[in-house]
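Chemist: Dropping in start_11.pdb, with PDB, C-alpha atoms.
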```
ATOM      1  CA  MET G   1     -76.328 -58.720  -7.952
ATOM      2  CA  LYS G   2     -76.630 -59.545 -11.616
ATOM      3  CA  ALA G   3     -79.770 -58.164 -13.228
ATOM      4  CA  ILE G   4     -80.888 -59.149 -16.704
ATOM      5  CA  VAL G   5     -83.404 -56.945 -18.485
ATOM      6  CA  VAL G   6     -85.219 -58.776 -21.272
ATOM      7  CA  GLY G   7     -86.800 -56.577 -23.916
ATOM      8  CA  ILE G   8     -85.239 -53.127 -24.274
ATOM      9  CA  GLY G   9     -88.287 -51.276 -25.552
ATOM     10  CA  GLY G  10     -89.929 -48.339 -23.828
ATOM     11  CA  VAL G  11     -90.294 -50.024 -20.431
ATOM     12  CA  GLY G  12     -87.154 -52.174 -20.460
ATOM     13  CA  GLY G  13     -85.115 -49.347 -21.932
ATOM     14  CA  TYR G  14     -86.107 -46.862 -19.240
ATOM     15  CA  TYR G  15     -85.717 -49.125 -16.206
ATOM     16  CA  GLY G  16     -82.823 -51.074 -17.665
ATOM     17  CA  GLY G  17     -81.213 -47.785 -18.587
ATOM     18  CA  LYS G  18     -81.506 -46.550 -15.003
ATOM     19  CA  LEU G  19     -79.889 -49.726 -13.696
ATOM     20  CA  ALA G  20     -77.093 -49.840 -16.269
ATOM     21  CA  ARG G  21     -76.266 -46.187 -15.756
ATOM     22  CA  ALA G  22     -76.174 -46.485 -11.958
ATOM     23  CA  TYR G  23     -74.085 -49.650 -11.862
ATOM     24  CA  GLU G  24     -71.826 -49.110 -14.885
ATOM     25  CA  SER G  25     -68.705 -48.809 -12.726
ATOM     26  CA  SER G  26     -69.819 -51.139  -9.943
ATOM     27  CA  VAL G  27     -67.743 -54.154  -8.966
ATOM     28  CA  GLU G  28     -70.645 -55.540  -6.925
ATOM     29  CA  HIS G  29     -73.481 -55.301  -9.435
ATOM     30  CA  GLU G  30     -73.862 -56.111 -13.120
ATOM     31  CA  VAL G  31     -76.617 -55.269 -15.604
ATOM     32  CA  VAL G  32     -77.210 -57.213 -18.822
ATOM     33  CA  PHE G  33     -79.554 -56.315 -21.697
ATOM     34  CA  ILE G  34     -81.237 -58.917 -23.909
ATOM     35  CA  ALA G  35     -82.170 -57.235 -27.190
ATOM     36  CA  ARG G  36     -82.120 -58.023 -30.890
ATOM     37  CA  GLY G  37     -81.668 -56.685 -34.396
ATOM     38  CA  ARG G  38     -80.550 -53.171 -35.211
ATOM     39  CA  HIS G  39     -81.528 -52.048 -31.721
ATOM     40  CA  LEU G  40     -78.986 -54.448 -30.226
ATOM     41  CA  GLU G  41     -76.331 -53.381 -32.716
ATOM     42  CA  ALA G  42     -76.819 -49.722 -31.817
ATOM     43  CA  ILE G  43     -76.600 -50.471 -28.083
ATOM     44  CA  GLU G  44     -73.402 -52.461 -28.628
ATOM     45  CA  GLU G  45     -71.917 -49.640 -30.697
ATOM     46  CA  ARG G  46     -72.721 -46.610 -28.550
ATOM     47  CA  GLY G  47     -74.876 -47.634 -25.587
ATOM     48  CA  LEU G  48     -78.584 -46.974 -25.034
ATOM     49  CA  VAL G  49     -79.685 -43.346 -25.223
ATOM     50  CA  VAL G  50     -82.494 -42.658 -22.735
ATOM     51  CA  ARG G  51     -84.443 -39.420 -23.134
ATOM     52  CA  THR G  52     -86.732 -38.490 -20.264
ATOM     53  CA  LYS G  53     -89.309 -35.815 -19.594
ATOM     54  CA  ASP G  54     -87.934 -34.616 -16.256
ATOM     55  CA  GLU G  55     -84.551 -36.301 -15.752
ATOM     56  CA  GLY G  56     -82.702 -35.219 -18.872
ATOM     57  CA  THR G  57     -80.959 -37.468 -21.367
ATOM     58  CA  TRP G  58     -78.259 -39.990 -20.668
ATOM     59  CA  THR G  59     -76.467 -42.919 -22.249
ATOM     60  CA  ALA G  60     -76.621 -46.284 -20.482
ATOM     61  CA  ARG G  61     -73.892 -48.843 -21.077
ATOM     62  CA  PRO G  62     -74.704 -52.315 -19.751
ATOM     63  CA  ALA G  63     -71.985 -54.772 -18.822
ATOM     64  CA  LEU G  64     -73.257 -56.883 -21.718
ATOM     65  CA  ALA G  65     -75.862 -56.510 -24.450
ATOM     66  CA  THR G  66     -76.666 -59.688 -26.327
ATOM     67  CA  GLY G  67     -79.348 -61.487 -28.249
ATOM     68  CA  ASP G  68     -78.332 -64.846 -26.788
ATOM     69  CA  PRO G  69     -79.452 -65.404 -23.176
ATOM     70  CA  ALA G  70     -77.017 -68.315 -22.844
ATOM     71  CA  LYS G  71     -74.186 -65.769 -22.978
ATOM     72  CA  ALA G  72     -75.612 -63.767 -20.080
ATOM     73  CA  GLY G  73     -74.961 -66.294 -17.328
ATOM     74  CA  THR G  74     -77.073 -66.912 -14.248
ATOM     75  CA  ALA G  75     -79.080 -63.940 -12.956
ATOM     76  CA  ASP G  76     -80.123 -62.852  -9.492
ATOM     77  CA  ILE G  77     -82.943 -60.757 -10.980
ATOM     78  CA  ILE G  78     -84.663 -60.950 -14.353
ATOM     79  CA  LEU G  79     -87.010 -58.169 -15.458
ATOM     80  CA  PHE G  80     -89.294 -59.364 -18.251
ATOM     81  CA  CYS G  81     -90.249 -56.284 -20.309
ATOM     82  CA  VAL G  82     -91.626 -57.926 -23.452
ATOM     83  CA  LYS G  83     -95.078 -57.847 -25.039
ATOM     84  CA  GLY G  84     -97.673 -60.234 -23.643
ATOM     85  CA  TYR G  85     -97.739 -62.390 -26.754
ATOM     86  CA  ASP G  86     -93.991 -63.051 -26.401
ATOM     87  CA  LEU G  87     -93.892 -63.892 -22.693
ATOM     88  CA  GLU G  88     -93.845 -67.698 -22.736
ATOM     89  CA  GLU G  89     -91.310 -68.022 -25.551
ATOM     90  CA  THR G  90     -89.089 -65.413 -23.928
ATOM     91  CA  ALA G  91     -89.294 -67.243 -20.607
ATOM     92  CA  LYS G  92     -88.214 -70.487 -22.286
ATOM     93  CA  SER G  93     -85.212 -68.719 -23.824
ATOM     94  CA  MET G  94     -84.198 -67.409 -20.378
ATOM     95  CA  LEU G  95     -84.157 -70.783 -18.612
ATOM     96  CA  PRO G  96     -80.329 -71.084 -18.841
ATOM     97  CA  CYS G  97     -80.107 -67.888 -16.763
ATOM     98  CA  ILE G  98     -82.330 -69.094 -13.920
ATOM     99  CA  ASN G  99     -81.352 -71.016 -10.802
ATOM    100  CA  ASP G 100     -83.055 -71.705  -7.471
ATOM    101  CA  ASP G 101     -82.364 -68.184  -6.197
ATOM    102  CA  THR G 102     -83.304 -66.167  -9.275
ATOM    103  CA  VAL G 103     -86.130 -63.642  -8.859
ATOM    104  CA  SER G 104     -88.201 -63.196 -12.035
ATOM    105  CA  ILE G 105     -90.457 -60.129 -12.326
ATOM    106  CA  PRO G 106     -92.747 -59.425 -15.300
ATOM    107  CA  LEU G 107     -93.290 -55.725 -16.033
ATOM    108  CA  LEU G 108     -95.901 -55.878 -18.757
ATOM    109  CA  ASN G 109     -99.616 -55.327 -19.218
ATOM    110  CA  GLY G 110    -102.077 -57.865 -17.854
ATOM    111  CA  THR G 111    -102.904 -59.530 -14.553
ATOM    112  CA  ASP G 112    -101.827 -63.158 -15.019
ATOM    113  CA  ASN G 113     -98.194 -62.734 -16.026
ATOM    114  CA  ALA G 114     -96.785 -64.359 -12.886
ATOM    115  CA  GLU G 115     -99.061 -67.362 -13.431
ATOM    116  CA  ARG G 116     -97.969 -67.620 -17.059
ATOM    117  CA  LEU G 117     -94.288 -67.355 -16.138
ATOM    118  CA  SER G 118     -94.676 -69.993 -13.440
ATOM    119  CA  ARG G 119     -95.920 -72.496 -15.994
ATOM    120  CA  VAL G 120     -92.574 -72.165 -17.796
ATOM    121  CA  ILE G 121     -90.140 -71.301 -15.007
ATOM    122  CA  LYS G 122     -89.912 -74.050 -12.400
ATOM    123  CA  LYS G 123     -86.946 -72.651 -10.457
ATOM    124  CA  GLY G 124     -86.384 -69.627  -8.302
ATOM    125  CA  HIS G 125     -89.022 -67.086  -7.332
ATOM    126  CA  VAL G 126     -91.653 -65.691  -9.696
ATOM    127  CA  LEU G 127     -93.213 -62.435  -8.502
ATOM    128  CA  ASN G 128     -95.680 -60.133 -10.219
ATOM    129  CA  GLY G 129     -95.155 -56.507 -11.101
ATOM    130  CA  CYS G 130     -96.332 -53.495 -13.024
ATOM    131  CA  VAL G 131     -95.171 -50.016 -13.945
ATOM    132  CA  TYR G 132     -96.817 -46.656 -14.525
ATOM    133  CA  ILE G 133     -94.912 -45.050 -17.361
ATOM    134  CA  SER G 134     -95.336 -43.875 -20.929
ATOM    135  CA  SER G 135     -92.150 -44.701 -22.794
ATOM    136  CA  VAL G 136     -91.370 -45.864 -26.319
ATOM    137  CA  ARG G 137     -88.453 -46.969 -28.442
ATOM    138  CA  THR G 138     -87.927 -44.065 -30.817
ATOM    139  CA  ALA G 139     -84.938 -45.278 -32.838
ATOM    140  CA  PRO G 140     -82.370 -48.077 -32.773
ATOM    141  CA  GLY G 141     -80.454 -47.624 -29.545
ATOM    142  CA  GLU G 142     -82.825 -44.971 -28.219
ATOM    143  CA  VAL G 143     -85.887 -44.857 -25.948
ATOM    144  CA  THR G 144     -87.951 -41.852 -24.896
ATOM    145  CA  GLN G 145     -90.042 -41.513 -21.750
ATOM    146  CA  VAL G 146     -92.848 -39.066 -22.471
ATOM    147  CA  GLY G 147     -95.043 -39.302 -19.380
ATOM    148  CA  GLY G 148     -96.213 -41.139 -16.323
ATOM    149  CA  PRO G 149     -94.816 -41.109 -12.763
ATOM    150  CA  CYS G 150     -92.284 -43.866 -13.640
ATOM    151  CA  THR G 151     -93.255 -45.930 -10.612
ATOM    152  CA  LEU G 152     -92.602 -49.663 -10.384
ATOM    153  CA  PHE G 153     -94.493 -52.050  -8.094
ATOM    154  CA  PHE G 154     -93.627 -55.688  -7.454
ATOM    155  CA  GLY G 155     -94.128 -58.419  -4.935
ATOM    156  CA  PRO G 156     -95.270 -61.992  -4.306
ATOM    157  CA  GLU G 157     -98.870 -62.976  -4.964
ATOM    158  CA  LYS G 158     -98.667 -65.244  -1.916
ATOM    159  CA  GLY G 159     -96.340 -65.271   1.050
ATOM    160  CA  ALA G 160     -94.120 -62.702   2.710
ATOM    161  CA  ALA G 161     -92.499 -59.836   0.840
ATOM    162  CA  ASP G 162     -89.545 -59.368   3.211
ATOM    163  CA  PRO G 163     -87.243 -61.864   1.441
ATOM    164  CA  TYR G 164     -87.260 -59.546  -1.578
ATOM    165  CA  LEU G 165     -86.163 -56.383   0.216
ATOM    166  CA  PRO G 166     -82.651 -56.662  -1.323
ATOM    167  CA  VAL G 167     -84.266 -56.464  -4.772
ATOM    168  CA  GLU G 168     -86.121 -53.309  -3.755
ATOM    169  CA  THR G 169     -82.894 -51.807  -2.424
ATOM    170  CA  PHE G 170     -81.059 -52.674  -5.636
ATOM    171  CA  LEU G 171     -83.718 -50.904  -7.692
ATOM    172  CA  LYS G 172     -84.031 -47.876  -5.415
ATOM    173  CA  ASN G 173     -80.280 -47.350  -5.241
ATOM    174  CA  ALA G 174     -80.334 -46.985  -9.025
ATOM    175  CA  GLY G 175     -82.936 -44.234  -8.795
ATOM    176  CA  VAL G 176     -85.910 -46.425  -9.702
ATOM    177  CA  LYS G 177     -89.144 -45.477  -7.909
ATOM    178  CA  ALA G 178     -89.702 -49.054  -6.783
ATOM    179  CA  SER G 179     -92.098 -50.336  -4.132
ATOM    180  CA  LEU G 180     -92.184 -53.877  -2.768
ATOM    181  CA  LEU G 181     -95.754 -54.783  -1.785
ATOM    182  CA  GLU G 182     -97.221 -57.515   0.404
ATOM    183  CA  ASP G 183    -100.280 -57.777  -1.850
ATOM    184  CA  ILE G 184     -99.346 -56.925  -5.416
ATOM    185  CA  THR G 185    -102.676 -58.219  -6.763
ATOM    186  CA  VAL G 186    -104.684 -55.083  -5.952
ATOM    187  CA  VAL G 187    -102.161 -52.833  -7.700
ATOM    188  CA  ILE G 188    -101.991 -55.131 -10.740
ATOM    189  CA  TRP G 189    -105.772 -55.182 -11.148
ATOM    190  CA  SER G 190    -106.094 -51.449 -10.468
ATOM    191  CA  LYS G 191    -103.746 -50.737 -13.340
ATOM    192  CA  TYR G 192    -105.435 -53.290 -15.566
ATOM    193  CA  LEU G 193    -108.857 -51.766 -14.919
ATOM    194  CA  PHE G 194    -107.412 -48.494 -16.225
ATOM    195  CA  VAL G 195    -105.283 -49.545 -19.202
ATOM    196  CA  GLY G 196    -107.423 -52.381 -20.576
ATOM    197  CA  PRO G 197    -110.641 -50.432 -21.193
ATOM    198  CA  LEU G 198    -108.762 -47.294 -22.217
ATOM    199  CA  GLY G 199    -106.712 -49.265 -24.737
ATOM    200  CA  GLY G 200    -109.824 -50.964 -26.075
ATOM    201  CA  VAL G 201    -111.870 -47.785 -26.544
ATOM    202  CA  THR G 202    -109.072 -45.672 -28.026
ATOM    203  CA  SER G 203    -108.269 -48.474 -30.469
ATOM    204  CA  LEU G 204    -111.904 -49.055 -31.413
ATOM    205  CA  PHE G 205    -112.608 -45.422 -32.251
ATOM    206  CA  GLY G 206    -109.105 -44.369 -33.311
ATOM    207  CA  GLU G 207    -109.205 -41.437 -30.916
ATOM    208  CA  PRO G 208    -106.722 -40.131 -28.341
ATOM    209  CA  VAL G 209    -107.688 -40.166 -24.674
ATOM    210  CA  GLY G 210    -108.944 -36.582 -24.632
ATOM    211  CA  ALA G 211    -111.307 -37.119 -27.559
ATOM    212  CA  VAL G 212    -112.750 -40.263 -25.948
ATOM    213  CA  LEU G 213    -113.520 -38.349 -22.761
ATOM    214  CA  GLU G 214    -115.149 -35.446 -24.642
ATOM    215  CA  ASN G 215    -117.549 -37.764 -26.484
ATOM    216  CA  ASP G 216    -120.414 -38.774 -24.168
ATOM    217  CA  GLN G 217    -120.995 -42.110 -25.898
ATOM    218  CA  HIS G 218    -117.333 -43.083 -25.939
ATOM    219  CA  ARG G 219    -116.813 -41.908 -22.367
ATOM    220  CA  SER G 220    -119.788 -43.976 -21.259
ATOM    221  CA  MET G 221    -118.353 -47.053 -22.977
ATOM    222  CA  LEU G 222    -115.009 -46.508 -21.251
ATOM    223  CA  GLU G 223    -116.634 -46.240 -17.838
ATOM    224  CA  GLY G 224    -118.824 -49.258 -18.557
ATOM    225  CA  MET G 225    -115.823 -51.383 -19.516
ATOM    226  CA  MET G 226    -114.074 -50.349 -16.299
ATOM    227  CA  LYS G 227    -117.118 -51.523 -14.344
ATOM    228  CA  GLU G 228    -116.999 -54.849 -16.179
ATOM    229  CA  VAL G 229    -113.361 -55.329 -15.173
ATOM    230  CA  GLU G 230    -114.296 -54.416 -11.607
ATOM    231  CA  SER G 231    -117.009 -57.077 -11.563
ATOM    232  CA  VAL G 232    -114.561 -59.750 -12.727
ATOM    233  CA  ALA G 233    -111.941 -58.665 -10.184
ATOM    234  CA  ARG G 234    -114.426 -58.761  -7.312
ATOM    235  CA  ALA G 235    -115.597 -62.218  -8.381
ATOM    236  CA  LEU G 236    -111.949 -63.257  -8.010
ATOM    237  CA  ASN G 237    -111.855 -61.702  -4.512
ATOM    238  CA  VAL G 238    -109.516 -58.871  -5.489
ATOM    239  CA  ALA G 239    -110.028 -56.137  -2.883
ATOM    240  CA  LEU G 240    -110.162 -53.139  -5.206
ATOM    241  CA  PRO G 241    -111.000 -49.746  -3.659
ATOM    242  CA  GLU G 242    -114.732 -49.027  -3.698
ATOM    243  CA  ASP G 243    -114.178 -45.926  -5.833
ATOM    244  CA  ILE G 244    -111.735 -47.545  -8.274
ATOM    245  CA  VAL G 245    -113.753 -46.665 -11.396
ATOM    246  CA  GLU G 246    -114.178 -43.048 -10.317
ATOM    247  CA  ARG G 247    -110.444 -42.816  -9.596
ATOM    248  CA  SER G 248    -109.576 -44.359 -12.941
ATOM    249  CA  MET G 249    -111.808 -41.994 -14.911
ATOM    250  CA  LYS G 250    -110.219 -39.064 -13.122
ATOM    251  CA  MET G 251    -106.768 -40.414 -13.906
ATOM    252  CA  ALA G 252    -107.677 -40.602 -17.589
ATOM    253  CA  GLY G 253    -108.714 -36.960 -17.436
ATOM    254  CA  ASP G 254    -105.270 -36.014 -16.147
ATOM    255  CA  PHE G 255    -103.570 -37.264 -19.329
ATOM    256  CA  PRO G 256    -102.767 -34.811 -22.134
ATOM    257  CA  PHE G 257    -105.606 -34.637 -24.685
ATOM    258  CA  GLU G 258    -103.519 -36.135 -27.495
ATOM    259  CA  THR G 259    -102.304 -39.199 -25.535
ATOM    260  CA  LYS G 260    -102.582 -42.466 -27.450
ATOM    261  CA  THR G 261    -102.464 -45.898 -25.849
ATOM    262  CA  SER G 262     -99.831 -48.467 -26.767
ATOM    263  CA  ILE G 263    -102.332 -50.885 -28.299
ATOM    264  CA  GLN G 264    -103.894 -48.037 -30.284
ATOM    265  CA  LEU G 265    -100.477 -47.198 -31.728
ATOM    266  CA  ASP G 266     -99.934 -50.858 -32.616
ATOM    267  CA  PHE G 267    -103.221 -50.898 -34.532
ATOM    268  CA  GLU G 268    -102.310 -47.670 -36.323
ATOM    269  CA  ARG G 269     -98.921 -49.073 -37.321
ATOM    270  CA  SER G 270    -100.342 -52.481 -38.321
ATOM    271  CA  ASN G 271     -98.148 -54.154 -35.690
ATOM    272  CA  GLN G 272     -99.044 -57.264 -33.770
ATOM    273  CA  THR G 273    -101.235 -56.137 -30.873
ATOM    274  CA  GLU G 274    -101.909 -57.170 -27.298
ATOM    275  CA  LEU G 275    -105.653 -57.512 -27.939
ATOM    276  CA  GLU G 276    -105.795 -60.753 -25.955
ATOM    277  CA  THR G 277    -104.146 -59.053 -22.972
ATOM    278  CA  PHE G 278    -106.169 -55.842 -23.040
ATOM    279  CA  VAL G 279    -109.628 -57.198 -23.912
ATOM    280  CA  GLY G 280    -109.645 -60.929 -24.656
ATOM    281  CA  PHE G 281    -108.589 -61.860 -21.134
ATOM    282  CA  ILE G 282    -111.743 -60.326 -19.624
ATOM    283  CA  VAL G 283    -113.968 -61.882 -22.296
ATOM    284  CA  LYS G 284    -112.653 -65.356 -21.484
ATOM    285  CA  LYS G 285    -112.384 -64.945 -17.717
ATOM    286  CA  SER G 286    -115.908 -63.508 -17.451
ATOM    287  CA  LYS G 287    -117.313 -66.405 -19.463
ATOM    288  CA  TYR G 288    -115.592 -68.860 -17.118
ATOM    289  CA  LEU G 289    -117.030 -67.008 -14.104
ATOM    290  CA  GLY G 290    -120.497 -66.651 -15.589
ATOM    291  CA  ILE G 291    -120.364 -62.839 -15.615
ATOM    292  CA  GLU G 292    -121.842 -60.695 -18.393
ATOM    293  CA  THR G 293    -119.349 -58.336 -20.080
ATOM    294  CA  PRO G 294    -121.187 -57.175 -23.240
ATOM    295  CA  LEU G 295    -118.963 -54.141 -23.855
ATOM    296  CA  HIS G 296    -115.780 -56.207 -23.778
ATOM    297  CA  ASN G 297    -117.417 -58.759 -26.075
ATOM    298  CA  GLN G 298    -118.333 -56.017 -28.547
ATOM    299  CA  VAL G 299    -114.881 -54.416 -28.525
ATOM    300  CA  TYR G 300    -113.142 -57.791 -28.753
ATOM    301  CA  LEU G 301    -115.114 -58.819 -31.833
ATOM    302  CA  SER G 302    -114.662 -55.465 -33.554
ATOM    303  CA  LEU G 303    -110.933 -55.192 -32.865
ATOM    304  CA  GLY G 304    -110.392 -58.850 -33.704
ATOM    305  CA  ALA G 305    -111.865 -58.233 -37.150
ATOM    306  CA  LYS G 306    -109.765 -55.083 -37.488
ATOM    307  CA  GLU G 307    -106.593 -56.955 -36.528
ATOM    308  CA  ALA G 308    -107.396 -59.743 -39.012
ATOM    309  CA  ARG G 309    -107.636 -57.186 -41.800
TER     310      ARG G 309
END
```
Let me see the file written as structure tokens.
Modeler:
Amino acid sequence: MKAIVVGIGGVGGYYGGKLARAYESSVEHEVVFIARGRHLEAIEERGLVVRTKDEGTWTARPALATGDPAKAGTADIILFCVKGYDLEETAKSMLPCINDDTVSIPLLNGTDNAERLSRVIKKGHVLNGCVYISSVRTAPGEVTQVGGPCTLFFGPEKGAADPYLPVETFLKNAGVKASLLEDITVVIWSKYLFVGPLGGVTSLFGEPVGAVLENDQHRSMLEGMMKEVESVARALNVALPEDIVERSMKMAGDFPFETKTSIQLDFERSNQTELETFVGFIVKKSKYLGIETPLHNQVYLSLGAKEAR
């Protein structure tokens, strides 16, 4: 198989690094990185250094690292590991690499990534996916995984999952904790219910996860936003567990006190943010469904003004 990993940041660097390391000497499999700038130059010069919390540090050397997808050739698998605001343009750039058999899997925040990809990609198979990991690019040619179970879930939103078992095997044989699911939608929304509200509240108050949970008002807002996401999901017939909010609040409590969310860090660094993905999506979807989400509306307006500044 030929796998192309697009976006070698925290997520793409970790999972792409696992694949490139495992299949570096393979004659059967090939791993290609799509990156850019100084990061690409560093990978070309010395490989990608991957530092992990529990698995040590290694250097991954892909068969090819390039900023030009046209040079990568046709892929069997494409892992999209870019930010939400870059997804459509990235998908357009990858069209030369896609044929009728290519499996495209987005591994980014949000629930509608497969739908968005499908509007651009008219060939092959578009699945949905998500990961549970805390990983960041720490320097050109270097990524660091600092937390999370490093699990990866993927599968079709409709239809049978069995045709994609070879993809699961390819990932697992590289040491990736991958699971192919018949109904990926529940897992996607379960993660979104957790990361969206948590990202919104930590960004709004400029506090790490632990501080949010210690403040009764901020904790209440977090729980309330989770309930708003749940109401939207149930209106869309997503079969979330009955105790999903309770589970999610407990999960937040298991994070180290000082943990900051990715969108919070983007606000702190004055980077472009995924506000539309984390909060705006629920504001717009709830309006379409006729559901009240006052907490999301409040956070969206406040963070929108903050981002504009």
Chemist: Which residues come within 10 Å of stretch 154-157 of chain G, counting all atoms listed in the file, excluding same-chain residues fewer than 4 positions away, as a PDB file with C-alpha atoms, keeping the file's coordinate frame?
Modeler:
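Once everything was written out, this is selection-v1.pdb:
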```pdb
ATOM      1  CA  ILE G 105     -90.457 -60.129 -12.326  1.00  0.00           C
ATOM      2  CA  PRO G 106     -92.747 -59.425 -15.300  1.00  0.00           C
ATOM      3  CA  LEU G 107     -93.290 -55.725 -16.033  1.00  0.00           C
ATOM      4  CA  ALA G 114     -96.785 -64.359 -12.886  1.00  0.00           C
ATOM      5  CA  GLU G 115     -99.061 -67.362 -13.431  1.00  0.00           C
ATOM      6  CA  HIS G 125     -89.022 -67.086  -7.332  1.00  0.00           C
ATOM      7  CA  VAL G 126     -91.653 -65.691  -9.696  1.00  0.00           C
ATOM      8  CA  LEU G 127     -93.213 -62.435  -8.502  1.00  0.00           C
ATOM      9  CA  ASN G 128     -95.680 -60.133 -10.219  1.00  0.00           C
ATOM     10  CA  GLY G 129     -95.155 -56.507 -11.101  1.00  0.00           C
ATOM     11  CA  CYS G 130     -96.332 -53.495 -13.024  1.00  0.00           C
ATOM     12  CA  VAL G 131     -95.171 -50.016 -13.945  1.00  0.00           C
ATOM     13  CA  ALA G 161     -92.499 -59.836   0.840  1.00  0.00           C
ATOM     14  CA  ASP G 162     -89.545 -59.368   3.211  1.00  0.00           C
ATOM     15  CA  PRO G 163     -87.243 -61.864   1.441  1.00  0.00           C
ATOM     16  CA  TYR G 164     -87.260 -59.546  -1.578  1.00  0.00           C
ATOM     17  CA  LEU G 165     -86.163 -56.383   0.216  1.00  0.00           C
ATOM     18  CA  VAL G 167     -84.266 -56.464  -4.772  1.00  0.00           C
ATOM     19  CA  GLU G 168     -86.121 -53.309  -3.755  1.00  0.00           C
ATOM     20  CA  ALA G 178     -89.702 -49.054  -6.783  1.00  0.00           C
ATOM     21  CA  SER G 179     -92.098 -50.336  -4.132  1.00  0.00           C
ATOM     22  CA  LEU G 180     -92.184 -53.877  -2.768  1.00  0.00           C
ATOM     23  CA  LEU G 181     -95.754 -54.783  -1.785  1.00  0.00           C
ATOM     24  CA  GLU G 182     -97.221 -57.515   0.404  1.00  0.00           C
ATOM     25  CA  ASP G 183    -100.280 -57.777  -1.850  1.00  0.00           C
ATOM     26  CA  ILE G 184     -99.346 -56.925  -5.416  1.00  0.00           C
ATOM     27  CA  THR G 185    -102.676 -58.219  -6.763  1.00  0.00           C
ATOM     28  CA  VAL G 186    -104.684 -55.083  -5.952  1.00  0.00           C
ATOM     29  CA  VAL G 187    -102.161 -52.833  -7.700  1.00  0.00           C
ATOM     30  CA  ILE G 188    -101.991 -55.131 -10.740  1.00  0.00           C
TER      31      ILE G 188
END
```
Chemist: Could you tell me which residues the PyMOL selection byres ((chain G and resi 294) around 12) returns for this structure, as a PyMOL selection string?
Modeler: chain G and resi 221+224-225+227-229+279+282-284+286-287+291-293+295-301
Chemist: Give me the result of the PyMOL selection byres ((chain G and resi 241-248) around 8) on this file, residue by residue, as a list in words.
Modeler: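 Selected by the PyMOL selection byres ((chain G and resi 241-248) around 8) in this file: Ser190, Leu193, Phe194, Glu223, Met226, Lys227, Glu230, Ala239, Leu240, Met249, Lys250, Met251 and Ala252 of chain G.
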Chemist: Mind checking which residues fall within 6 Å of stretch 260-269 of chain G, counting all atoms listed in the file, ignoring those fewer than 5 positions away in the same chain, and posting them as a list in words?
Modeler: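 With the cut-off at 6 Å, the set is Gly199, Ser203 and Pro208 of chain G.
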Chemist: Excluding G:Ile34 and its own-chain neighbours fewer than 4 positions away, which residues fall within 7 Å of it when counting all atoms listed in the file? Please give them as a PyMOL selection string.
Modeler: chain G and resi 5-7+65-67+69
Chemist: How far is it from atom CA of G:Ser104 to atom CA of G:Tyr85, in Å with one decimal?
Modeler: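 Rounded to one decimal, the two atoms are 17.6 Å apart.
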Chemist: Near G:Glu307, counting only C-alpha atoms, which residues have an atom at most 8 Å away, once you skip same-chain residues fewer than 2 positions from it, shown as a list of chain:residue names?
Modeler: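 That gives G:Phe267, G:Ser270, G:Thr273, G:Leu303, G:Gly304, G:Ala305, G:Arg309.
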Chemist: Convert the output of the PyMOL selection byres ((chain G and resi 174) around 7) on the shown file into explicit residues, formatted as a list in words.
Modeler: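 Taken over the shown coordinates, the PyMOL selection byres ((chain G and resi 174) around 7) returns Lys18, Leu19, Ala22, Phe170, Leu171, Lys172, Asn173, Gly175 and Val176 of chain G.
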Chemist: Keeping C-alpha atoms, export the residues of the selection given above as a PDB file, in the coordinates of the input.
Modeler:
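Saved file again_26.pdb follows:
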```pdb
ATOM      1  CA  LYS G  18     -81.506 -46.550 -15.003  1.00  0.00           C
ATOM      2  CA  LEU G  19     -79.889 -49.726 -13.696  1.00  0.00           C
ATOM      3  CA  ALA G  22     -76.174 -46.485 -11.958  1.00  0.00           C
ATOM      4  CA  PHE G 170     -81.059 -52.674  -5.636  1.00  0.00           C
ATOM      5  CA  LEU G 171     -83.718 -50.904  -7.692  1.00  0.00           C
ATOM      6  CA  LYS G 172     -84.031 -47.876  -5.415  1.00  0.00           C
ATOM      7  CA  ASN G 173     -80.280 -47.350  -5.241  1.00  0.00           C
ATOM      8  CA  GLY G 175     -82.936 -44.234  -8.795  1.00  0.00           C
ATOM      9  CA  VAL G 176     -85.910 -46.425  -9.702  1.00  0.00           C
TER      10      VAL G 176
END
```
Chemist: Work out how far apart atom CA of G:Lys83 and atom CA of G:Gly56 are and give it in Å to one decimal.
Modeler: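 So the answer is 26.5 Å.
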Chemist: Counting all atoms listed in the file, which of G:His218, G:Glu44, G:Ala72, G:Val120 gets nearest to G:Val201?
Modeler: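 Nearest candidate to G:Val201 out of G:His218, G:Glu44, G:Ala72, G:Val120: G:His218.
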Chemist: Between G:Ala20, G:Ser118, G:Lys306, G:Thr144, which one has atoms that come closest to G:Gly206, using all atoms listed in the file?
Modeler: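 Ranking G:Ala20, G:Ser118, G:Lys306, G:Thr144 by distance to G:Gly206, first place goes to G:Lys306.
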Chemist: Pick out the closest residue to G:Thr277 from this set: G:Leu108, G:Leu117, G:Leu236, G:Val212. Count all atoms listed in the file.
Modeler: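 Of G:Leu108, G:Leu117, G:Leu236, G:Val212, the one nearest G:Thr277 is G:Leu108, counting all atoms listed in the file.
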Chemist: Pick out the closest residue to G:Gly16 from this set: G:Glu45, G:Glu207, G:Lys53, G:Arg61. Count only C-alpha atoms.
Modeler: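 Using only C-alpha atoms, G:Gly16 sits closest to G:Arg61.
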Chemist: Which residues are close to G:Asn99, i.e. within 6 Å by only C-alpha atoms, leaving aside same-chain residues fewer than 3 positions away? Reply as a VMD selection string.
Modeler: chain G and resid 102 123 to 124
Chemist: Could those residues be written to a file, using C-alpha atoms, as a PDB file, in the coordinates of the input?
Modeler:
```
ATOM      1  CA  THR G 102     -83.304 -66.167  -9.275  1.00  0.00           C
ATOM      2  CA  LYS G 123     -86.946 -72.651 -10.457  1.00  0.00           C
ATOM      3  CA  GLY G 124     -86.384 -69.627  -8.302  1.00  0.00           C
TER       4      GLY G 124
END
```
